[in-house]
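Participant: I have a structure here, written as structure tokens, and I will follow up with some questions on it.
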Protein chains: 2
Amino acid sequence: MLVSERMYGLGSERSVIRELFEYGKLRAEKVGRENIYDYSLGNPAVPSPACVDEAITDIIKNEPSIAVHGYTSAQGDAGVRQAIADELNARFGTKFHKDNLYITCGAAAALTIALAALTTEECSEIIGIAPYFPEYAVFAENGCGKFVHVDADLEHFQINFPALEKAIGPRTRAVIVNSPNNPSGAVLSEDTIKKLASLLEKKSAEVGHAIVIISDEPYREIVYDGVEVPYITKYYRNTIVCYSYSKSLSLPGERIGYVLVPDEMEDSGRVYAAVCGAGRSLGFVCAPSLMQKVVGRVTGKTADINEYKKNRDLLLSGLTDIGYECVKPQGAFYLFVKTLEEDTEAFCERAKQLDLLVVSGVGFGCPGYVRLAYCVSHDMIKRSLPAFKKLYDSYNK
Amino acid sequence: MLVSERMYGLGSERSVIRELFEYGKLRAEKVGRENIYDYSLGNPAVPSPACVDEAITDIIKNEPSIAVHGYTSAQGDAGVRQAIADELNARFGTKFHKDNLYITCGAAAALTIALAALTTEECSEIIGIAPYFPEYAVFAENGCGKFVHVDADLEHFQINFPALEKAIGPRTRAVIVNSPNNPSGAVLSEDTIKKLASLLEKKSAEVGHAIVIISDEPYREIVYDGVEVPYITKYYRNTIVCYSYSKSLSLPGERIGYVLVPDEMEDSGRVYAAVCGAGRSLGFVCAPSLMQKVVGRVTGKTADINEYKKNRDLLLSGLTDIGYECVKPQGAFYLFVKTLEEDTEAFCERAKQLDLLVVSGVGFGCPGYVRLAYCVSHDMIKRSLPAFKKLYDSYNK
């Protein structure tokens with residue numbers, strides 16, 4: 001049977017993360033769940049805030065079935081879009097309105113839609129700044145784009161500007177930024193964003209077309225120590241925001257998020273129309289209607305971020321005390337740890353022998369590091385520390 | 001700003017149906033909702049059966065938030081997939097199991113995923129048999145395919161076999177069938193399906209690769225007068241089923257359905273993997289998790305189909321009595337009516353002057369007909385009949 005080789009490849013090679021997660025489940029059956037330290041998956045461990053289920057129950061009880069479960073407009077319910085805009089404006093001093101927003105089935109859909117809208121045959125290079133979410137490459141190629149890797153700034157986990165400048169060329173369409181970052185937990189500072197904006201202004205002028213920032217920000221609300229996450233549209237007008245409620249409200253399975261195209265953007269009406277067209281072409285029709293109504297009521301609320309902070313503090317101090325070098329996470333729920341040998345995969349394998357399941361940085365474009373997703377039980381972190389000590393000692397006999 | 005011209009085109013040209021619907025809303029404000037007879041949209045007017053909202057409330061009350069709203073596997077929750085397979089097997093005597101099913105965000109997603117999985121550069125022609133849902137062309141082209149039109153069988157609204165045979169060539173990848181049909185309400189008989197299967201067997205051998213049937217069947221359960229809708233995988237092994245709960249459970253906004261790849265299919269494992277890869281590439285991640293669990297409990301149940309039957313009977317007899325020629329719908333909730341002049345658009349326009357909003361058959365690949373979506377209030381149908389009489393008389397003075 002003839003099938004698309006690309007789709008077959010994507011469907012038959014399981015992602016490294018999924019592979020590890022499945023291994024963990026099997027291993028848990030053998031040695032007991034309490035003896036496996038699974039840091040593989042970014043699946044929120046903190047439940048949704050109560051307001052989510054209260055909103056669901058209230059809507060089901062009090063609104064007519066046809067209105068709750070019927071089609072919304074393709075862009076999403078107008079009232080919900082306005083509620084999201086209002087909440088953003090109150091928090092960031094922006095001036096968004098409902099027609100800047102296109103509600104999507106989560107951030108992955110927001111990204112495939114934005115990329116399909118923007119990519120043309122002549123201008124198809126999508127830049128990812130390491131460390132980055134591995135699926136960016138898959139999504140870029142879906143929109144017939146080409147993914148271009150830029151090396152990490154290993155000192156501060158901000159942006160390696162010389163490498164970025166070198167990567168930009170006449171075919172550059174967009175740069176994806178992700179702050180707070182998966183996998184490093186770093187947050188781009190205002191200074192970094194200003195520098196990025198000015199580089200892209202300069203380069204846009206050079207190449208003769210606007211280079212877009214695609215800001216993928218599902219972790220926007222998950223930050224620690226009062227760190228601020230600057231709102232990028234305020235610094236660079238040609239920015240498209242891709243947002244998801246998956247992490248902030250612990251709703252990853254419900255697939256609800258949005259694309260935001262600000263008025264300030266060059267030809268914003270054309271870009272918004274192309275976003276609508278891409279959603280239509282990809283088969284999205286509308287985002288799930290009940291969940292639209294739910295986020296319309298609770299947008300801006302979050303799950304208990306303090307739980308993640310407690311985990312971060314314990315894991316970071318635990319590993320640092322042992323002797324590991326870690327990037328201190330300012331947000332998200334990932335810890336990026338330097339490997340104790342050059343061969344990243346070998347390090348992961350040695351950790352696995354001690355039932356420590358950590359993800360290689362190679363897929364994130366950043367070898368020499370591993371990612372630990374600490375959206376897990378606090379207790380598991382405690383129990384895992386002796387195994388991390390053992391791993392460390394095995395390299396420092 | 002550079003944007004994809006295809007996506008911009010799709011996003012800025014509103015579909016004819018949407019256009020008409022928006023016109024209806026404006027007009028209603030002017031002359032009163034009760035004076036507009038809006039037959040434009042296929043948005044179910046019958047509420048979901050009570051079991052849907054009961055399931056939602058029960059799941060929210062009794063299952064842990066993390067399990068309800070968390071990621072499921074990309075294919076969908078295993079238990080839900082097995083429940084769907086079991087229900088199909090009980091009803092159709094099939095032998096499906098969970099790994100034949102891939103749960104999707106509705107039938108549109110099922111179609112874009114199936115098409116992206118199947119289409120290759122060399123084998124990219126997707127055949128639609130008129131009358132067909134206009135978005136098939138959009139979805140085919142998203143998967144880099146080419147949509148090929150086959151004229152309708154205007155006598156029985158089954159399949160125009162000579163036209164279909166002529167359309168099949170070495171690049172033919174798949175034939176989309178849709179029974180019960182939107183817009184004609186026709187159901188393909190067992191005899192038609194047998195003839196289709198034998199033609200495709202012959203043609204597959206001729207062209208040297210399997211030609212696939214994509215069976216788009218969101219209206220499977222909406223049938224009248226005890227008509228049977230044969231399960232196509234039993235007649236032709238290389239069939240992929242695309243299903244949606246939008247119409248059967250009146251959940252169009254919730255985006256929940258599935259792709260079914262039967263074991264009998266040639267290289268079914270490869271095809272299923274390509275489906276998984278296409279879902280990943282397009283950004284679907286998983287189908288909405290709460291709604292997965294809901295359909296797992298209520299799959300096979302339906303909204304009150306009898307409401308649609310009452311509407312069909314009233315509209316069909318009402319128009320036939322006036323003198324219109326109609327295709328008698330055996331299923332779905334559309335009536336396909338012959339226009340009273342050759343120019344289909346002119347006929348629609350004249351109807352519109354009488355506040356009768358009907359959709360031209362041209363977009364469905366079938367000029368000379370108009371579609372009336374009778375998923376509306378029974379009362380609106382009653383009130384509209386004098387206007388249809390007026391329209392008829394204006395052609396028969």
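Residues are referred to by chain and number: the chain letter is A, B, ... according to the order shown in the structure tokens, the number counts from 1 in that chain, and ligands are numbered separately from 1 in the order shown.
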Write down, as a PyMOL selection string, each residue of chain A that has any atom within 7 Å of an atom of chain B, counting only C-alpha atoms.

Facilitator: chain A and resi 1-4+7-12+45+47-48+53+57+60+65-66+69-72+108-109+112+117-120+138-139+142+209-210+251-255+266-267+270-271+273-274+276-278+281-284+286+288-290

Participant: What's the 8 Å shell around stretch 21-27 of chain B, counting only C-alpha atoms, without same-chain residues fewer than 2 positions away, as a PyMOL selection string?

Facilitator: chain B and resi 17-19+29-32+36+38+40-41+357

Participant: Find the residues around stretch 335-344 of chain A up to 7 Å (only C-alpha atoms counted), leave out those fewer than 4 positions away in its own chain, and share them as a PyMOL selection string.

Facilitator: chain A and resi 183-185+324-327+329+348+360+367-373+395

Participant: What does the file look like for those residues with C-alpha atoms, as an mmCIF file, in the first residue's frame?

Facilitator:
```
data_model
loop_
_atom_site.group_PDB
_atom_site.id
_atom_site.type_symbol
_atom_site.label_atom_id
_atom_site.label_comp_id
_atom_site.auth_asym_id
_atom_site.auth_seq_id
_atom_site.Cartn_x
_atom_site.Cartn_y
_atom_site.Cartn_z
ATOM 1 C CA PRO A 183 13.637 22.207 28.328
ATOM 2 C CA SER A 184 15.841 24.730 30.156
ATOM 3 C CA GLY A 185 13.334 26.622 32.321
ATOM 4 C CA TYR A 324 25.648 18.466 39.369
ATOM 5 C CA GLU A 325 25.703 21.638 37.281
ATOM 6 C CA CYS A 326 22.128 22.766 36.573
ATOM 7 C CA VAL A 327 20.512 25.662 34.749
ATOM 8 C CA PRO A 329 14.841 27.298 36.144
ATOM 9 C CA CYS A 348 21.157 8.747 29.876
ATOM 10 C CA SER A 360 18.716 13.424 26.339
ATOM 11 C CA PRO A 367 23.804 17.732 23.586
ATOM 12 C CA GLY A 368 25.694 17.612 26.865
ATOM 13 C CA TYR A 369 22.511 18.182 28.845
ATOM 14 C CA VAL A 370 19.527 16.166 29.989
ATOM 15 C CA ARG A 371 16.000 17.319 30.771
ATOM 16 C CA LEU A 372 14.221 16.406 33.995
ATOM 17 C CA ALA A 373 10.490 17.118 33.978
ATOM 18 C CA TYR A 395 31.651 9.111 37.484
#
```

Participant: Give me, please, the distance in Å between atom CA of A:Ala78 and atom CA of B:Met380, quoted to one decimal.

Facilitator: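 A separation of 26.6 Å between them.
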
Participant: Take atom CA of A:Thr239 and atom CA of B:Cys144 and report the distance between them in Å, one decimal.

Facilitator: 28.1 Å

Participant: As a VMD selection string, please: all residues of stretch 31-170 of chain B that backbone DSSP puts in strand (DSSP E or B).

Facilitator: chain B and resid 37 to 38 101 to 104 125 to 129 146 to 150

Participant: Find, counting only C-alpha atoms, the residue in B:Ile59, B:Leu385, B:Ala186, B:Leu316 that gets nearest to B:Val294.

Facilitator: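 Among the listed residues, B:Ile59 lies closest to B:Val294.
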
Participant: Would you please extract all helix (DSSP H, G or I) residues from stretch 71-212 of chain A, as assigned by DSSP on the backbone, and give them as a PyMOL selection string?

Facilitator: chain A and resi 78-92+98-100+106-118+135-142+161-167+190-207

Participant: Show which residues sit within 8 Å of A:Ala152, as a PyMOL selection string. Count only C-alpha atoms, and ignore same-chain residues fewer than 4 positions away.

Facilitator: chain A and resi 129-131+157-160+365-366

Participant: Write out, as a compact mmCIF listing (two decimals), in the first residue's frame, the residues just selected, with all heavy atoms.

Facilitator:
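Output contents, as saved in result12.txt:
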```txt
# COMPACT_ATOMS: atom_id res chain seq x y z
N ILE A 129 15.75 28.19 18.17
CA ILE A 129 16.92 28.51 18.97
C ILE A 129 17.08 27.46 20.07
O ILE A 129 16.22 27.32 20.93
CB ILE A 129 16.77 29.92 19.60
CG1 ILE A 129 16.62 30.97 18.50
CG2 ILE A 129 17.94 30.24 20.53
CD1 ILE A 129 16.09 32.30 18.99
N ALA A 130 18.18 26.70 20.01
CA ALA A 130 18.37 25.63 20.99
C ALA A 130 18.54 26.23 22.39
O ALA A 130 19.07 27.32 22.52
CB ALA A 130 19.58 24.79 20.61
N PRO A 131 18.10 25.50 23.43
CA PRO A 131 17.34 24.25 23.33
C PRO A 131 15.88 24.51 22.98
O PRO A 131 15.30 25.48 23.46
CB PRO A 131 17.47 23.65 24.73
CG PRO A 131 17.68 24.82 25.64
CD PRO A 131 18.39 25.86 24.84
N PHE A 157 21.68 30.68 28.73
CA PHE A 157 20.43 30.15 28.17
C PHE A 157 19.46 31.26 27.79
O PHE A 157 18.26 31.17 28.00
CB PHE A 157 19.82 29.09 29.08
CG PHE A 157 20.58 27.80 28.98
CD1 PHE A 157 21.70 27.55 29.78
CD2 PHE A 157 20.25 26.87 28.00
CE1 PHE A 157 22.43 26.38 29.63
CE2 PHE A 157 20.98 25.70 27.85
CZ PHE A 157 22.07 25.45 28.67
N GLN A 158 20.06 32.34 27.23
CA GLN A 158 19.26 33.38 26.59
C GLN A 158 19.33 33.09 25.07
O GLN A 158 18.89 32.02 24.67
CB GLN A 158 19.79 34.77 26.95
CG GLN A 158 19.63 35.08 28.46
CD GLN A 158 18.18 35.33 28.84
OE1 GLN A 158 17.51 36.19 28.29
NE2 GLN A 158 17.67 34.57 29.80
N ILE A 159 19.89 33.98 24.28
CA ILE A 159 19.99 33.71 22.84
C ILE A 159 21.43 33.89 22.39
O ILE A 159 22.08 34.87 22.75
CB ILE A 159 19.06 34.67 22.04
CG1 ILE A 159 17.59 34.31 22.30
CG2 ILE A 159 19.35 34.59 20.54
CD1 ILE A 159 16.59 35.25 21.65
N ASN A 160 21.91 32.94 21.62
CA ASN A 160 23.25 33.02 21.03
C ASN A 160 23.14 33.91 19.79
O ASN A 160 22.86 33.44 18.68
CB ASN A 160 23.67 31.59 20.67
CG ASN A 160 25.06 31.51 20.08
OD1 ASN A 160 25.58 32.49 19.54
ND2 ASN A 160 25.67 30.33 20.16
N GLY A 365 18.28 19.80 20.56
CA GLY A 365 19.32 20.57 19.87
C GLY A 365 20.44 20.99 20.81
O GLY A 365 21.17 21.94 20.52
N CYS A 366 20.59 20.30 21.93
CA CYS A 366 21.55 20.74 22.94
C CYS A 366 22.21 19.54 23.65
O CYS A 366 21.89 19.26 24.81
CB CYS A 366 20.81 21.63 23.94
SG CYS A 366 21.88 22.65 24.95
```

Participant: So that I can see what lies close to stretch 89-100 of chain B, please list as a VMD selection string the residues with an atom at most 12 Å from it, counting only C-alpha atoms and leaving out residues fewer than 2 positions away in the same chain.

Facilitator: chain B and resid 73 to 87 102 to 103 221 228 to 235 239 to 242 258 to 265 268 to 273 275 to 276 296 299 to 301

Participant: My list of candidates is B:Lys146, B:Lys309, B:Lys166, B:Lys382. Which is closest to B:Leu199 when distances are computed with only C-alpha atoms?

Facilitator: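 Checking each candidate against B:Leu199, we get B:Lys166 as the closest.
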
Participant: Using only C-alpha atoms, determine which residues lie at most 8 Å from A:Tyr374, disregarding the query and same-chain residues fewer than 6 positions distant; provide the list as a ChimeraX atom specification.

Facilitator: /A:39,42,308,311-312,315,333-335,381

Participant: With a distance cut-off of 10 Å and only C-alpha atoms, select the neighbouring residues of B:Tyr392, excluding the residue or stretch itself and same-chain residues fewer than 5 positions from it, and output the selection as a list in words.

Facilitator: Leu319, Ile322, Gly323, Tyr324, Thr339, Leu340, Ala351, Pro386, Ala387 and Lys397 of chain B

Participant: Filtering to all heavy atoms, could you give me those residues as a PDB file, in the first residue's frame?

Facilitator:
```
ATOM      1  N   LEU B 319     -43.227  20.500  -0.259  1.00  0.00           N
ATOM      2  CA  LEU B 319     -42.666  20.967  -1.526  1.00  0.00           C
ATOM      3  C   LEU B 319     -43.168  20.151  -2.710  1.00  0.00           C
ATOM      4  O   LEU B 319     -43.452  20.701  -3.780  1.00  0.00           O
ATOM      5  CB  LEU B 319     -41.136  20.935  -1.475  1.00  0.00           C
ATOM      6  CG  LEU B 319     -40.470  21.895  -0.488  1.00  0.00           C
ATOM      7  CD1 LEU B 319     -38.981  22.017  -0.773  1.00  0.00           C
ATOM      8  CD2 LEU B 319     -41.109  23.280  -0.520  1.00  0.00           C
ATOM      9  N   ILE B 322     -46.541  21.278  -3.736  1.00  0.00           N
ATOM     10  CA  ILE B 322     -46.513  22.532  -4.502  1.00  0.00           C
ATOM     11  C   ILE B 322     -46.144  22.261  -5.954  1.00  0.00           C
ATOM     12  O   ILE B 322     -46.648  22.916  -6.873  1.00  0.00           O
ATOM     13  CB  ILE B 322     -45.503  23.530  -3.875  1.00  0.00           C
ATOM     14  CG1 ILE B 322     -46.009  24.005  -2.503  1.00  0.00           C
ATOM     15  CG2 ILE B 322     -45.264  24.736  -4.801  1.00  0.00           C
ATOM     16  CD1 ILE B 322     -44.971  24.789  -1.703  1.00  0.00           C
ATOM     17  N   GLY B 323     -45.287  21.256  -6.169  1.00  0.00           N
ATOM     18  CA  GLY B 323     -44.887  20.928  -7.538  1.00  0.00           C
ATOM     19  C   GLY B 323     -43.389  20.786  -7.718  1.00  0.00           C
ATOM     20  O   GLY B 323     -42.911  20.513  -8.824  1.00  0.00           O
ATOM     21  N   TYR B 324     -42.619  20.985  -6.649  1.00  0.00           N
ATOM     22  CA  TYR B 324     -41.157  20.838  -6.744  1.00  0.00           C
ATOM     23  C   TYR B 324     -40.775  19.377  -6.926  1.00  0.00           C
ATOM     24  O   TYR B 324     -41.459  18.472  -6.433  1.00  0.00           O
ATOM     25  CB  TYR B 324     -40.478  21.352  -5.462  1.00  0.00           C
ATOM     26  CG  TYR B 324     -40.497  22.846  -5.292  1.00  0.00           C
ATOM     27  CD1 TYR B 324     -41.488  23.466  -4.525  1.00  0.00           C
ATOM     28  CD2 TYR B 324     -39.508  23.637  -5.883  1.00  0.00           C
ATOM     29  CE1 TYR B 324     -41.507  24.848  -4.360  1.00  0.00           C
ATOM     30  CE2 TYR B 324     -39.528  25.022  -5.714  1.00  0.00           C
ATOM     31  CZ  TYR B 324     -40.522  25.623  -4.958  1.00  0.00           C
ATOM     32  OH  TYR B 324     -40.533  26.976  -4.793  1.00  0.00           O
ATOM     33  N   THR B 339     -33.932  22.942  -9.179  1.00  0.00           N
ATOM     34  CA  THR B 339     -34.253  24.354  -9.391  1.00  0.00           C
ATOM     35  C   THR B 339     -35.291  24.493 -10.502  1.00  0.00           C
ATOM     36  O   THR B 339     -35.445  23.590 -11.337  1.00  0.00           O
ATOM     37  CB  THR B 339     -33.000  25.160  -9.789  1.00  0.00           C
ATOM     38  OG1 THR B 339     -32.462  24.591 -10.984  1.00  0.00           O
ATOM     39  CG2 THR B 339     -31.942  25.115  -8.701  1.00  0.00           C
ATOM     40  N   LEU B 340     -35.960  25.639 -10.528  1.00  0.00           N
ATOM     41  CA  LEU B 340     -37.031  25.841 -11.510  1.00  0.00           C
ATOM     42  C   LEU B 340     -36.534  26.587 -12.737  1.00  0.00           C
ATOM     43  O   LEU B 340     -37.327  26.957 -13.606  1.00  0.00           O
ATOM     44  CB  LEU B 340     -38.195  26.569 -10.839  1.00  0.00           C
ATOM     45  CG  LEU B 340     -38.818  25.803  -9.659  1.00  0.00           C
ATOM     46  CD1 LEU B 340     -39.858  26.653  -8.942  1.00  0.00           C
ATOM     47  CD2 LEU B 340     -39.430  24.476 -10.114  1.00  0.00           C
ATOM     48  N   ALA B 351     -35.111  33.022  -4.629  1.00  0.00           N
ATOM     49  CA  ALA B 351     -35.582  32.480  -3.350  1.00  0.00           C
ATOM     50  C   ALA B 351     -35.250  33.450  -2.212  1.00  0.00           C
ATOM     51  O   ALA B 351     -36.069  33.713  -1.326  1.00  0.00           O
ATOM     52  CB  ALA B 351     -34.950  31.115  -3.091  1.00  0.00           C
ATOM     53  N   PRO B 386     -45.643  28.745   2.457  1.00  0.00           N
ATOM     54  CA  PRO B 386     -46.252  29.758   1.570  1.00  0.00           C
ATOM     55  C   PRO B 386     -45.208  30.489   0.710  1.00  0.00           C
ATOM     56  O   PRO B 386     -45.483  30.809  -0.453  1.00  0.00           O
ATOM     57  CB  PRO B 386     -46.941  30.713   2.548  1.00  0.00           C
ATOM     58  CG  PRO B 386     -47.185  29.903   3.782  1.00  0.00           C
ATOM     59  CD  PRO B 386     -46.044  28.938   3.864  1.00  0.00           C
ATOM     60  N   ALA B 387     -44.028  30.716   1.276  1.00  0.00           N
ATOM     61  CA  ALA B 387     -42.985  31.386   0.492  1.00  0.00           C
ATOM     62  C   ALA B 387     -42.505  30.485  -0.652  1.00  0.00           C
ATOM     63  O   ALA B 387     -42.259  30.946  -1.771  1.00  0.00           O
ATOM     64  CB  ALA B 387     -41.824  31.791   1.399  1.00  0.00           C
ATOM     65  N   LYS B 397     -46.406  31.296 -13.988  1.00  0.00           N
ATOM     66  CA  LYS B 397     -47.534  32.219 -14.110  1.00  0.00           C
ATOM     67  C   LYS B 397     -48.363  31.897 -15.341  1.00  0.00           C
ATOM     68  O   LYS B 397     -47.860  31.378 -16.325  1.00  0.00           O
ATOM     69  CB  LYS B 397     -47.018  33.660 -14.180  1.00  0.00           C
ATOM     70  CG  LYS B 397     -46.782  34.237 -12.786  1.00  0.00           C
ATOM     71  CD  LYS B 397     -46.370  35.681 -12.830  1.00  0.00           C
ATOM     72  CE  LYS B 397     -44.859  35.785 -13.020  1.00  0.00           C
ATOM     73  NZ  LYS B 397     -44.214  36.923 -12.419  1.00  0.00           N
TER      74      LYS B 397
END
```
